[in-house]
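> So here's run-v4.txt, just compact mmCIF, C-alpha atoms:
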```txt
# COMPACT_ATOMS: atom_id res chain seq x y z
CA MET A 1 0.00 0.00 0.00
CA SER A 2 1.50 3.33 -0.96
CA ALA A 3 1.15 6.53 1.02
CA GLN A 4 -1.20 7.79 -1.69
CA THR A 5 -3.77 5.14 -0.77
CA CYS A 6 -3.22 5.00 2.99
CA GLU A 7 -6.22 6.17 5.03
CA LEU A 8 -4.01 7.16 7.97
CA CYS A 9 -1.98 9.41 5.65
CA GLU A 10 -5.08 10.93 4.06
CA VAL A 11 -7.35 11.66 7.04
CA THR A 12 -6.88 12.43 10.72
CA GLY A 13 -8.78 9.25 11.66
CA GLY A 14 -10.79 10.68 14.53
CA GLU A 15 -10.96 13.68 16.79
CA LEU A 16 -7.51 15.21 17.11
CA LEU A 17 -6.43 15.49 20.77
CA TRP A 18 -2.71 16.29 20.40
CA GLN A 19 -0.03 16.25 17.73
CA ASP A 20 3.51 17.22 17.01
CA ALA A 21 5.71 17.01 13.94
CA ARG A 22 6.03 13.22 14.25
CA CYS A 23 2.76 11.79 15.52
CA ARG A 24 -0.81 12.53 16.54
CA VAL A 25 -3.19 11.29 19.22
CA ILE A 26 -6.77 10.91 18.10
CA ARG A 27 -9.97 9.83 19.81
CA VAL A 28 -11.71 7.14 17.81
CA ALA A 29 -15.47 7.45 17.30
CA ASP A 30 -16.67 4.28 19.05
CA ALA A 31 -19.91 4.37 21.03
CA HIS A 32 -18.90 1.32 23.11
CA TYR A 33 -15.42 2.67 23.90
CA PRO A 34 -15.70 6.48 24.06
CA ALA A 35 -12.12 7.00 25.26
CA PHE A 36 -10.52 4.67 22.69
CA CYS A 37 -7.46 6.53 21.40
CA ARG A 38 -5.03 5.91 18.60
CA VAL A 39 -1.45 7.20 18.35
CA VAL A 40 -0.56 7.53 14.67
CA TRP A 41 2.90 8.11 13.21
CA ARG A 42 2.52 10.96 10.73
CA ARG A 43 5.00 9.71 8.11
CA HIS A 44 3.98 6.60 6.19
CA VAL A 45 5.93 3.63 7.52
CA ALA A 46 4.65 0.09 7.92
CA GLU A 47 6.70 -1.29 10.81
CA MET A 48 8.23 -0.02 14.05
CA THR A 49 11.68 -1.04 12.78
CA ASP A 50 11.20 1.38 9.85
CA LEU A 51 11.70 4.12 12.47
CA ASP A 52 15.10 4.97 13.88
CA MET A 53 15.67 4.50 17.60
CA THR A 54 14.97 8.16 18.43
CA ASP A 55 11.64 8.10 16.58
CA ARG A 56 10.67 4.78 18.18
CA ALA A 57 11.39 6.19 21.62
CA HIS A 58 9.36 9.31 20.85
CA LEU A 59 6.38 7.31 19.56
CA MET A 60 6.37 5.06 22.62
CA ALA A 61 6.64 8.08 24.94
CA VAL A 62 3.44 9.40 23.34
CA VAL A 63 1.76 5.97 23.68
CA TRP A 64 2.72 5.80 27.36
CA ALA A 65 1.59 9.39 27.97
CA THR A 66 -1.77 8.54 26.38
CA GLU A 67 -2.08 5.47 28.61
CA ARG A 68 -1.23 7.54 31.71
CA VAL A 69 -3.79 10.23 30.84
CA LEU A 70 -6.54 7.64 30.27
CA ARG A 71 -5.70 5.79 33.49
CA ASP A 72 -5.78 9.00 35.49
CA ALA A 73 -9.00 10.21 33.88
CA MET A 74 -10.99 6.96 33.97
CA GLN A 75 -9.42 4.48 36.43
CA PRO A 76 -10.11 1.53 34.08
CA ASP A 77 -9.60 -2.07 35.14
CA LYS A 78 -7.05 -2.46 32.33
CA ILE A 79 -5.54 -0.57 29.40
CA ASN A 80 -5.09 -2.49 26.16
CA LEU A 81 -2.21 -1.47 23.91
CA ALA A 82 -2.17 -2.91 20.41
CA SER A 83 -0.28 -2.34 17.20
CA PHE A 84 -1.42 -4.52 14.33
CA GLY A 85 -1.36 -2.78 10.98
CA ASN A 86 -2.95 -5.77 9.25
CA MET A 87 -5.75 -3.69 7.75
CA VAL A 88 -3.80 -0.42 7.38
CA PRO A 89 -0.03 -1.02 7.19
CA HIS A 90 0.89 2.33 8.75
CA VAL A 91 2.49 2.47 12.20
CA HIS A 92 -0.16 3.26 14.82
CA TRP A 93 -0.99 2.14 18.35
CA HIS A 94 -4.42 1.58 19.89
CA VAL A 95 -4.77 2.70 23.52
CA ILE A 96 -8.05 1.39 24.92
CA PRO A 97 -9.38 1.74 28.49
CA ARG A 98 -11.11 -1.49 29.48
CA PHE A 99 -13.60 -2.32 32.22
CA SER A 100 -14.71 -5.72 33.47
CA ASP A 101 -18.30 -4.87 32.52
CA ASP A 102 -17.57 -3.55 29.02
CA ARG A 103 -19.02 -5.18 25.95
CA HIS A 104 -16.10 -7.50 25.14
CA PHE A 105 -14.19 -8.00 28.41
CA PRO A 106 -12.07 -10.08 28.81
CA GLN A 107 -11.86 -10.52 25.02
CA SER A 108 -10.35 -8.03 22.59
CA VAL A 109 -12.59 -5.13 21.54
CA TRP A 110 -12.46 -6.64 18.04
CA GLY A 111 -13.68 -10.04 19.29
CA THR A 112 -17.13 -11.45 19.85
CA PRO A 113 -19.19 -9.38 22.30
CA GLN A 114 -19.61 -11.11 25.65
CA ARG A 115 -22.59 -9.03 26.84
CA ASP A 116 -24.45 -5.83 26.05
CA GLY A 117 -21.96 -4.14 28.30
CA LEU A 118 -21.70 -0.66 29.65
CA ALA A 119 -20.09 2.19 27.79
CA HIS A 120 -18.08 4.05 30.40
CA ALA A 121 -18.32 7.73 29.61
CA GLY A 122 -15.02 9.12 28.50
CA PRO A 123 -13.72 12.43 29.78
CA ALA A 124 -14.16 15.59 27.74
CA SER A 125 -11.65 15.87 24.92
CA SER A 126 -10.41 19.16 26.35
CA VAL A 127 -9.46 17.32 29.57
CA LEU A 128 -7.48 14.72 27.62
CA THR A 129 -5.77 17.37 25.51
CA ALA A 130 -4.77 19.40 28.57
CA ALA A 131 -3.40 16.30 30.30
CA LEU A 132 -1.43 15.26 27.21
CA GLU A 133 0.04 18.75 26.93
CA GLN A 134 1.00 18.59 30.63
CA ILE A 135 3.11 15.50 29.90
CA LEU A 136 4.21 16.04 26.29
CA GLY A 137 4.23 19.80 25.93
CA PRO A 138 2.11 22.00 23.68
CA ALA A 139 0.69 20.52 20.51
CA THR A 140 1.95 21.75 17.17
CA ASP A 141 0.68 21.31 13.64
CA ALA A 142 4.10 21.45 11.99
CA VAL A 143 4.66 18.54 9.64
CA PRO A 144 8.17 18.03 8.24
CA GLY A 145 8.32 18.17 4.45
CA ARG A 146 4.80 19.57 4.00
```
In structure tokens, write the structure found in this file.


Amino acid sequence: MSAQTCELCEVTGGELLWQDARCRVIRVADAHYPAFCRVVWRRHVAEMTDLDMTDRAHLMAVVWATERVLRDAMQPDKINLASFGNMVPHVHWHVIPRFSDDRHFPQSVWGTPQRDGLAHAGPASSVLTAALEQILGPATDAVPGR
């Protein structure tokens, strides 16, 4: 898949919470998981090893900051971190707060629902953005090479 046909290169992919020159944190529109976030590398690369060590460390720092913010804001039973890229081969991480009474628990959110489940209300996006900026610094919209 080339960058010209990659959906993560073409669209934000959700509500933008924070970004810098290298990656962005978005809130995915999912009624069952209202605080489901995705950390997306802004340049089109398919695998983590396509990034140099400095970029890998930066990306993971943003993933861990996102996890910390969601844990602090929601006190979930668990946070799921996942990086597949099977459907969209562009480096991105899913950061998903999980609760023992959610729709799929203990299965993956992409698995067979286990119950109707409760949708735990996510915090306001402004709260998440402020918390991310507290850890990561102010957001920027600068994109290298664009």

> Would you place a box with edges along x, y and z of the file around all atoms of range 100-114 of chain A listed there, add 8 Å to each of its six sides, and report the centre and edge lengths in Å to one decimal, as lines of an AutoDock Vina configuration file?


```
center_x = -15.0
center_y = -7.5
center_z = 25.8
size_x = 25.3
size_y = 23.9
size_z = 31.4
```

> Which residues are near range 51-56 of chain A? Cut-off 12 Å, all atoms listed in the file, ignore same chain within fewer than 4 positions. Put them as a PyMOL selection string.

chain A and resi 21-23+41-47+60-63+90-93

> To one decimal place in Å, what is the distance between CA of Asn80 in chain A and CA of Val95 in chain A?

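It comes out at 5.8 Å.
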
> Could you pull the residues within 9 Å of Val88 in chain A, counting all atoms listed in the file, minus those fewer than 3 positions along the same chain, as a list in words?

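My reading of the contact set: Met1, Cys6, Glu7, Leu8, Ala46, Phe84, Gly85 and Val91 of chain A.
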
> Go ahead and write the selection's residues with C-alpha atoms as a CSV table (one decimal), in the frame of the given file.


```csv
chain,number,residue,atom,x,y,z
A,1,MET,CA,0.0,0.0,0.0
A,6,CYS,CA,-3.2,5.0,3.0
A,7,GLU,CA,-6.2,6.2,5.0
A,8,LEU,CA,-4.0,7.2,8.0
A,46,ALA,CA,4.6,0.1,7.9
A,84,PHE,CA,-1.4,-4.5,14.3
A,85,GLY,CA,-1.4,-2.8,11.0
A,91,VAL,CA,2.5,2.5,12.2
```

> What are the closest atom pairs, with distances in Å to one decimal, for all residues of range 1-99 of chain A lying within 7 Å of range 121-143 of chain A? Consider only C-alpha atoms, order rows by chain and residue number, and present the result as JSON lines.


```
{"residue": "A:Leu17", "atom": "CA", "partner": "A:Thr129", "partner_atom": "CA", "distance": 5.1}
{"residue": "A:Trp18", "atom": "CA", "partner": "A:Ala139", "partner_atom": "CA", "distance": 5.4}
{"residue": "A:Gln19", "atom": "CA", "partner": "A:Ala139", "partner_atom": "CA", "distance": 5.1}
{"residue": "A:Asp20", "atom": "CA", "partner": "A:Thr140", "partner_atom": "CA", "distance": 4.8}
{"residue": "A:Ala21", "atom": "CA", "partner": "A:Val143", "partner_atom": "CA", "distance": 4.7}
{"residue": "A:Pro34", "atom": "CA", "partner": "A:Gly122", "partner_atom": "CA", "distance": 5.2}
{"residue": "A:Ala35", "atom": "CA", "partner": "A:Gly122", "partner_atom": "CA", "distance": 4.8}
{"residue": "A:Ala65", "atom": "CA", "partner": "A:Ile135", "partner_atom": "CA", "distance": 6.6}
{"residue": "A:Thr66", "atom": "CA", "partner": "A:Leu132", "partner_atom": "CA", "distance": 6.8}
{"residue": "A:Val69", "atom": "CA", "partner": "A:Ala131", "partner_atom": "CA", "distance": 6.1}
{"residue": "A:Ala73", "atom": "CA", "partner": "A:Pro123", "partner_atom": "CA", "distance": 6.6}
```

> Between CA of Ala29 in chain A and CA of Met48 in chain A, what is the distance in Å, rounded to a tenth?

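These atoms are spaced 25.1 Å apart.
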
> Compile the contact shell of Phe36 in chain A as a VMD selection string: residues with an atom at most 10 Å away, counting all atoms listed in the file, same-chain residues fewer than 2 positions apart removed.

chain A and resid 26 to 34 38 70 79 to 80 94 to 98 122

> Have a look at CA of Asn86 in chain A and CA of Met74 in chain A and let me know their distance in Å, one decimal.

28.9 Å

> Which residues are near Pro106 in chain A? Cut-off 12 Å, all atoms listed in the file, ignore same chain within fewer than 4 positions. Put them as a short mmCIF file (atom, residue, chain, number, x, y, z; two decimals) with C-alpha atoms, in the frame of the given file.


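Writing done, so here's out39.cif:
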```cif
data_model
loop_
_atom_site.label_atom_id
_atom_site.label_comp_id
_atom_site.auth_asym_id
_atom_site.auth_seq_id
_atom_site.Cartn_x
_atom_site.Cartn_y
_atom_site.Cartn_z
CA ASP A 77 -9.60 -2.07 35.14
CA LYS A 78 -7.05 -2.46 32.33
CA ILE A 79 -5.54 -0.57 29.40
CA ASN A 80 -5.09 -2.49 26.16
CA ARG A 98 -11.11 -1.49 29.48
CA PHE A 99 -13.60 -2.32 32.22
CA SER A 100 -14.71 -5.72 33.47
CA ASP A 101 -18.30 -4.87 32.52
CA ASP A 102 -17.57 -3.55 29.02
CA TRP A 110 -12.46 -6.64 18.04
CA GLY A 111 -13.68 -10.04 19.29
CA THR A 112 -17.13 -11.45 19.85
CA PRO A 113 -19.19 -9.38 22.30
CA GLN A 114 -19.61 -11.11 25.65
CA ARG A 115 -22.59 -9.03 26.84
CA GLY A 117 -21.96 -4.14 28.30
#
```
